[in-house]
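Containing CSV, C-alpha atoms and all ligand atoms: upload_15.csv.
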chain,number,residue,atom,x,y,z
A,1,MET,CA,18.2,-5.2,-49.2
A,2,LEU,CA,15.9,-2.2,-50.0
A,3,GLU,CA,12.6,-3.2,-51.6
A,4,LYS,CA,10.4,-1.1,-53.8
A,5,MET,CA,7.5,0.4,-51.8
A,6,ALA,CA,4.5,-1.3,-53.4
A,7,GLU,CA,6.3,-4.7,-53.6
A,8,PHE,CA,7.3,-4.4,-50.0
A,9,PHE,CA,3.7,-4.1,-48.8
A,10,ASP,CA,2.1,-6.5,-51.3
A,11,ALA,CA,4.7,-9.2,-50.3
A,12,ARG,CA,3.6,-8.8,-46.6
A,13,LEU,CA,-0.2,-8.7,-47.2
A,14,ASP,CA,-0.7,-12.0,-45.3
A,15,GLY,CA,-0.8,-11.0,-41.7
A,16,TYR,CA,-0.4,-7.3,-42.5
A,17,GLU,CA,-3.3,-6.1,-40.3
A,18,GLU,CA,-2.3,-8.3,-37.3
A,19,HIS,CA,1.2,-7.0,-37.6
A,20,MET,CA,0.1,-3.4,-37.6
A,21,LEU,CA,-2.3,-3.9,-34.7
A,22,ASP,CA,-0.1,-6.1,-32.5
A,23,CYS,CA,3.4,-4.6,-33.2
A,24,ILE,CA,2.9,-0.8,-33.3
A,25,GLU,CA,2.5,0.6,-29.8
A,26,SER,CA,-1.2,1.4,-29.0
A,27,ALA,CA,-2.4,0.8,-32.6
A,28,ARG,CA,-5.7,-0.6,-31.2
A,29,GLU,CA,-6.2,2.9,-29.6
A,30,PHE,CA,-5.0,5.2,-32.3
A,31,TYR,CA,-7.0,3.7,-35.2
A,32,PRO,CA,-10.3,4.3,-33.5
A,33,PHE,CA,-9.1,7.7,-32.2
A,34,THR,CA,-8.1,8.7,-35.7
A,35,ALA,CA,-11.5,7.7,-37.2
A,36,ALA,CA,-13.3,9.6,-34.5
A,37,GLN,CA,-11.6,12.9,-35.7
A,38,LEU,CA,-13.2,12.5,-39.2
A,39,PRO,CA,-16.5,14.1,-40.2
A,40,LYS,CA,-19.6,12.6,-38.8
A,41,ALA,CA,-22.0,14.1,-41.4
A,42,PRO,CA,-23.7,11.5,-43.7
A,43,GLY,CA,-22.0,11.3,-47.1
A,44,ALA,CA,-18.9,13.2,-45.9
A,45,ARG,CA,-16.2,13.1,-48.6
A,46,VAL,CA,-12.9,11.9,-47.2
A,47,LEU,CA,-9.5,11.3,-48.9
A,48,ASP,CA,-7.2,8.7,-47.6
A,49,LEU,CA,-3.5,9.0,-48.6
A,50,GLY,CA,-1.8,5.6,-48.4
A,51,CYS,CA,-5.0,3.8,-47.4
A,52,GLY,CA,-3.5,0.3,-47.6
A,53,THR,CA,-6.1,-2.3,-46.5
A,54,GLY,CA,-8.0,0.4,-44.7
A,55,LEU,CA,-7.5,-0.2,-41.0
A,56,GLU,CA,-8.5,3.4,-40.3
A,57,LEU,CA,-11.4,3.1,-42.8
A,58,GLY,CA,-12.9,0.1,-41.0
A,59,GLU,CA,-13.1,2.2,-37.8
A,60,TYR,CA,-14.5,5.2,-39.7
A,61,PHE,CA,-17.2,3.3,-41.5
A,62,ALA,CA,-18.4,2.0,-38.1
A,63,LEU,CA,-19.0,5.7,-37.1
A,64,ASN,CA,-20.1,7.0,-40.5
A,65,PRO,CA,-21.3,4.2,-42.8
A,66,SER,CA,-22.3,6.5,-45.6
A,67,ALA,CA,-19.0,8.3,-45.8
A,68,ARG,CA,-17.6,8.6,-49.4
A,69,ILE,CA,-14.0,7.6,-49.5
A,70,THR,CA,-11.3,8.2,-52.1
A,71,GLY,CA,-8.3,6.1,-51.3
A,72,VAL,CA,-4.9,6.4,-52.9
A,73,ASP,CA,-2.2,3.7,-52.6
A,74,LEU,CA,0.8,2.5,-54.6
A,75,ALA,CA,0.2,-1.2,-53.8
A,76,PRO,CA,-2.4,-3.1,-56.0
A,77,GLY,CA,-2.6,-6.0,-53.6
A,78,MET,CA,-3.3,-3.7,-50.6
A,79,LEU,CA,-6.1,-2.0,-52.6
A,80,ALA,CA,-7.6,-5.3,-53.7
A,81,ALA,CA,-7.8,-6.4,-50.1
A,82,LEU,CA,-9.4,-3.1,-49.1
A,83,LYS,CA,-12.0,-3.4,-51.9
A,84,ALA,CA,-12.9,-7.0,-50.8
A,85,LYS,CA,-13.5,-5.9,-47.2
A,86,PHE,CA,-16.0,-3.1,-47.9
A,87,THR,CA,-18.1,-4.2,-50.9
A,88,ASP,CA,-21.1,-2.2,-49.7
A,89,LYS,CA,-19.4,1.1,-49.0
A,90,SER,CA,-18.7,4.2,-51.2
A,91,LEU,CA,-15.1,3.6,-52.0
A,92,GLU,CA,-13.2,5.0,-55.0
A,93,LEU,CA,-9.7,3.5,-55.1
A,94,ILE,CA,-6.8,5.0,-57.1
A,95,GLN,CA,-3.6,3.0,-57.6
A,96,GLY,CA,-0.7,5.4,-57.9
A,97,SER,CA,1.5,7.7,-55.9
A,98,TYR,CA,-0.1,10.5,-54.0
A,99,PHE,CA,2.7,12.7,-55.2
A,100,ASP,CA,1.5,12.2,-58.8
A,101,VAL,CA,-2.3,11.6,-58.6
A,102,PRO,CA,-4.4,14.8,-59.2
A,103,LEU,CA,-6.5,15.5,-56.2
A,104,GLY,CA,-8.8,18.2,-57.6
A,105,GLU,CA,-10.0,21.4,-56.0
A,106,GLY,CA,-12.3,21.8,-53.0
A,107,GLN,CA,-13.5,18.2,-53.3
A,108,PHE,CA,-13.0,16.8,-49.9
A,109,ASP,CA,-14.4,17.7,-46.4
A,110,ALA,CA,-11.4,16.0,-44.8
A,111,ALA,CA,-8.4,13.9,-45.5
A,112,VAL,CA,-6.5,11.3,-43.5
A,113,SER,CA,-3.2,9.4,-43.7
A,114,VAL,CA,-2.1,6.8,-41.3
A,115,GLU,CA,1.4,5.3,-41.1
A,116,SER,CA,2.3,6.1,-44.7
A,117,LEU,CA,4.0,9.5,-44.9
A,118,HIS,CA,7.1,8.7,-42.8
A,119,HIS,CA,9.0,7.7,-45.9
A,120,PHE,CA,9.5,11.1,-47.4
A,121,THR,CA,11.4,14.4,-46.9
A,122,LYS,CA,10.0,17.8,-46.0
A,123,GLU,CA,11.0,19.0,-49.5
A,124,GLU,CA,8.9,16.2,-51.0
A,125,LYS,CA,6.0,16.8,-48.7
A,126,VAL,CA,5.5,20.5,-49.1
A,127,PRO,CA,4.2,20.3,-52.8
A,128,LEU,CA,2.1,17.3,-51.8
A,129,TYR,CA,0.5,19.2,-48.9
A,130,GLN,CA,-0.1,22.2,-51.2
A,131,LYS,CA,-2.0,19.9,-53.5
A,132,LEU,CA,-3.9,18.4,-50.5
A,133,CYS,CA,-4.8,21.8,-49.1
A,134,ALA,CA,-6.2,22.8,-52.5
A,135,ALA,CA,-8.3,19.6,-52.6
A,136,LEU,CA,-10.1,20.4,-49.3
A,137,VAL,CA,-13.2,22.6,-48.9
A,138,PRO,CA,-12.7,25.9,-47.1
A,139,GLY,CA,-12.4,24.9,-43.4
A,140,GLY,CA,-11.6,21.3,-44.3
A,141,TYR,CA,-8.9,19.5,-42.5
A,142,PHE,CA,-6.2,16.8,-42.6
A,143,ILE,CA,-5.7,14.2,-39.9
A,144,LEU,CA,-2.2,12.8,-40.0
A,145,THR,CA,-1.5,9.8,-37.7
A,146,ASP,CA,2.1,8.8,-38.2
A,147,TYR,CA,5.4,7.7,-36.8
A,148,PHE,CA,7.8,10.6,-36.0
A,149,ALA,CA,11.5,10.9,-35.2
A,150,PRO,CA,12.2,11.9,-31.6
A,151,SER,CA,15.0,14.2,-32.5
A,152,GLU,CA,16.6,16.1,-35.5
A,153,ALA,CA,19.7,13.9,-35.1
A,154,GLU,CA,17.6,10.7,-35.6
A,155,GLU,CA,15.7,12.3,-38.6
A,156,ARG,CA,19.1,13.1,-40.2
A,157,PHE,CA,20.5,9.7,-39.4
A,158,TYR,CA,17.7,7.7,-41.1
A,159,ARG,CA,17.8,10.0,-44.2
A,160,ALA,CA,21.6,9.5,-44.5
A,161,GLU,CA,21.2,5.7,-44.0
A,162,LEU,CA,18.6,5.6,-46.8
A,163,LEU,CA,20.9,7.5,-49.2
A,164,ARG,CA,23.9,5.3,-48.2
A,165,LEU,CA,21.9,2.1,-48.8
A,166,LYS,CA,20.6,3.4,-52.2
A,167,ALA,CA,24.2,4.2,-53.3
A,168,GLU,CA,25.5,0.9,-52.0
A,169,GLN,CA,22.8,-1.1,-53.8
A,170,GLY,CA,22.9,1.1,-56.9
A,171,VAL,CA,19.1,1.8,-56.9
A,172,ALA,CA,17.5,4.7,-58.7
A,173,ASP,CA,17.2,7.8,-56.7
A,174,ASP,CA,13.8,8.8,-58.1
A,175,GLU,CA,12.0,5.5,-57.1
A,176,PHE,CA,10.3,4.9,-53.8
A,177,TYR,CA,11.9,2.2,-51.7
A,178,HIS,CA,10.6,1.1,-48.3
A,179,TYR,CA,12.8,2.6,-45.6
A,180,ASP,CA,11.5,4.6,-42.7
A,181,THR,CA,12.7,8.2,-42.7
A,182,PRO,CA,10.4,9.9,-40.2
A,183,LEU,CA,10.5,13.7,-39.7
A,184,THR,CA,10.3,15.3,-36.3
A,185,VAL,CA,6.8,16.7,-35.4
A,186,ALA,CA,8.3,20.2,-35.6
A,187,HIS,CA,9.5,19.6,-39.2
A,188,GLU,CA,6.2,18.0,-40.2
A,189,THR,CA,4.3,21.0,-38.8
A,190,GLN,CA,6.6,23.4,-40.7
A,191,ALA,CA,5.9,21.5,-44.0
A,192,LEU,CA,2.1,21.7,-43.4
A,193,LEU,CA,2.2,25.4,-42.6
A,194,GLU,CA,4.5,26.2,-45.5
A,195,ALA,CA,2.1,24.4,-47.8
A,196,GLY,CA,-0.7,26.7,-46.8
A,197,PHE,CA,-2.5,25.1,-43.9
A,198,CYS,CA,-3.5,27.8,-41.5
A,199,GLY,CA,-3.1,25.9,-38.2
A,200,VAL,CA,-1.7,22.6,-37.0
A,201,GLU,CA,-2.3,21.0,-33.6
A,202,GLU,CA,-1.3,17.7,-32.0
A,203,LEU,CA,-4.4,15.8,-30.7
A,204,GLY,CA,-2.7,12.6,-29.5
A,205,CYS,CA,0.5,10.8,-29.0
A,206,TRP,CA,1.2,7.0,-28.5
A,207,GLY,CA,4.9,6.3,-28.2
A,208,ALA,CA,6.4,7.3,-31.6
A,209,THR,CA,3.0,7.8,-33.2
A,210,HIS,CA,1.5,11.3,-33.1
A,211,LEU,CA,-1.8,12.6,-34.5
A,212,LEU,CA,-1.7,16.0,-36.1
A,213,ARG,CA,-4.7,18.0,-37.3
A,214,ALA,CA,-4.0,20.6,-40.0
A,215,VAL,CA,-6.8,23.0,-40.9
A,216,LYS,CA,-7.2,24.7,-44.2
A,301,LIG,C1,2.1,0.9,-43.3
A,301,LIG,S1,0.9,1.0,-44.7
A,301,LIG,C2,-0.4,1.9,-43.9
A,301,LIG,C3,-1.8,1.6,-44.6
A,301,LIG,C4,-3.0,2.1,-43.8
A,301,LIG,N1,-3.1,3.5,-43.8
A,301,LIG,C5,-2.9,1.5,-42.4
A,301,LIG,O1,-2.6,2.3,-41.5
A,301,LIG,O2,-3.1,0.3,-42.2
A,301,LIG,C6,1.6,2.3,-45.8
A,301,LIG,C7,0.9,2.4,-47.1
A,301,LIG,O3,1.3,3.5,-47.8
A,301,LIG,C8,1.4,3.2,-49.1
A,301,LIG,N2,2.3,4.2,-49.8
A,301,LIG,C9,3.6,4.5,-49.5
A,301,LIG,N3,4.1,5.5,-50.3
A,301,LIG,C10,3.0,5.8,-51.1
A,301,LIG,C11,2.9,6.8,-52.1
A,301,LIG,N4,3.9,7.6,-52.5
A,301,LIG,N5,1.7,6.9,-52.7
A,301,LIG,C12,0.6,6.1,-52.4
A,301,LIG,N6,0.7,5.2,-51.4
A,301,LIG,C13,1.9,5.0,-50.8
A,301,LIG,C14,1.9,1.8,-49.2
A,301,LIG,O4,1.7,1.2,-50.4
A,301,LIG,C15,1.2,1.2,-48.0
A,301,LIG,O5,0.0,0.6,-48.4
Represent the structure from my file as structure tokens, please.
Amino acid sequence: MLEKMAEFFDARLDGYEEHMLDCIESAREFYPFTAAQLPKAPGARVLDLGCGTGLELGEYFALNPSARITGVDLAPGMLAALKAKFTDKSLELIQGSYFDVPLGEGQFDAAVSVESLHHFTKEEKVPLYQKLCAALVPGGYFILTDYFAPSEAEERFYRAELLRLKAEQGVADDEFYHYDTPLTVAHETQALLEAGFCGVEELGCWGATHLLRAVK
């Protein structure tokens, strides 16, 4: 049975972090590695898309305790858990979809997203990445650590499966349900470049998880 995105994550809050760290290959390596790519300057302004309970932010605050974070997430329970973990940090949390929330212009030195964007199509991502690019300062960058499809065939298969399940269960097409539909790294890179980022490079790979750096 498909579950709505926010309800899916909030229902699994207990044990969520242990699951991420123990069940995703090399998660204990890629969270610190992701954090190490973010700006070291005191007070750096960083946007986190799909911040959840902030596994990447815990690693980042250890490196840059005065970073100013804006976190966007659909799931209120995940955000409440994040807030309770970092009471002494600069953390602005926005409950909503990153597709809908305004991100402003030239407000962030960098942005990050970890294990969140593999639920969406390239067509959905291009306008989001345009908005994200506009929200970064000139020379700002986006660190995307996510799960990718190993082939176009697999990318097409999961998308078709989601559409089939939605039709079978009669669920609304315009609502977010939790079902992994990762793009290939090549298609993700195309989406970032089409959105206006001027360069994309891969900085790391751990099994199906890759880390891409897109520069404005
Ligand atoms: C697997 S969790 C990752 C959380 C955190 N980044 C981490 O790595 O632990 C995915 C998160 O993305 C959020 N999410 C999914 N789609 C979203 C959307 N359209 N807008 C905002 N948040 C979203 C979910 O609510 C969930 O908290």
Counting all atoms listed in the file, what are the residues, protein, DNA or RNA alike, that approach ligand LIG 301 (chain A) to within 7 Å? I want them as a ChimeraX atom specification. /A:5-6,9,17,20,49-56,72-75,78,96-99,113-117,119
Padding 3 Å on each side, edges along x, y and z: where is the centre of the box around the listed atoms of stretch 8-24 of chain A, and how long are its edges in Å to one decimal? Output it as lines of an AutoDock Vina configuration file.
center_x = 2.0
center_y = -6.4
center_z = -41.9
size_x = 16.6
size_y = 17.2
size_z = 24.8
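Nearest residue to A:Ala110, choosing from A:Gly207, A:Pro32, A:Pro39, A:Pro65 and counting all atoms listed in the file: A:Pro39.
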Go through A:Glu202, A:Asp100, A:Asp109, A:Asp180 one by one, measure the shortest atom-to-atom distance of each to A:Gly140 using all atoms listed in the file, and give the residue with the smallest value. A:Asp109
One-decimal distance in Å that lies between atom CA of A:Glu105 and atom CA of A:Leu136: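 Between these atoms lies a distance of 6.8 Å.
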To one decimal place, how far is atom CA of A:Phe148 from atom CA of A:Ile24 in Å?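 About the pair atom CA of A:Phe148 and atom CA of A:Ile24: they are 12.7 Å apart.
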List the spatial neighbours of A:Ser26 as a list of chain:residue names - criterion: any atom at most 10 Å away, all atoms listed in the file, same-chain residues fewer than 2 positions off excluded. A:Met20, A:Leu21, A:Asp22, A:Cys23, A:Ile24, A:Arg28, A:Glu29, A:Phe30, A:Tyr31, A:Cys205, A:Trp206, A:Gly207, A:Ala208, A:Thr209
State, in Å with one decimal place, the distance from atom CA of A:Ala195 to atom CA of A:Pro42. 29.1 Å
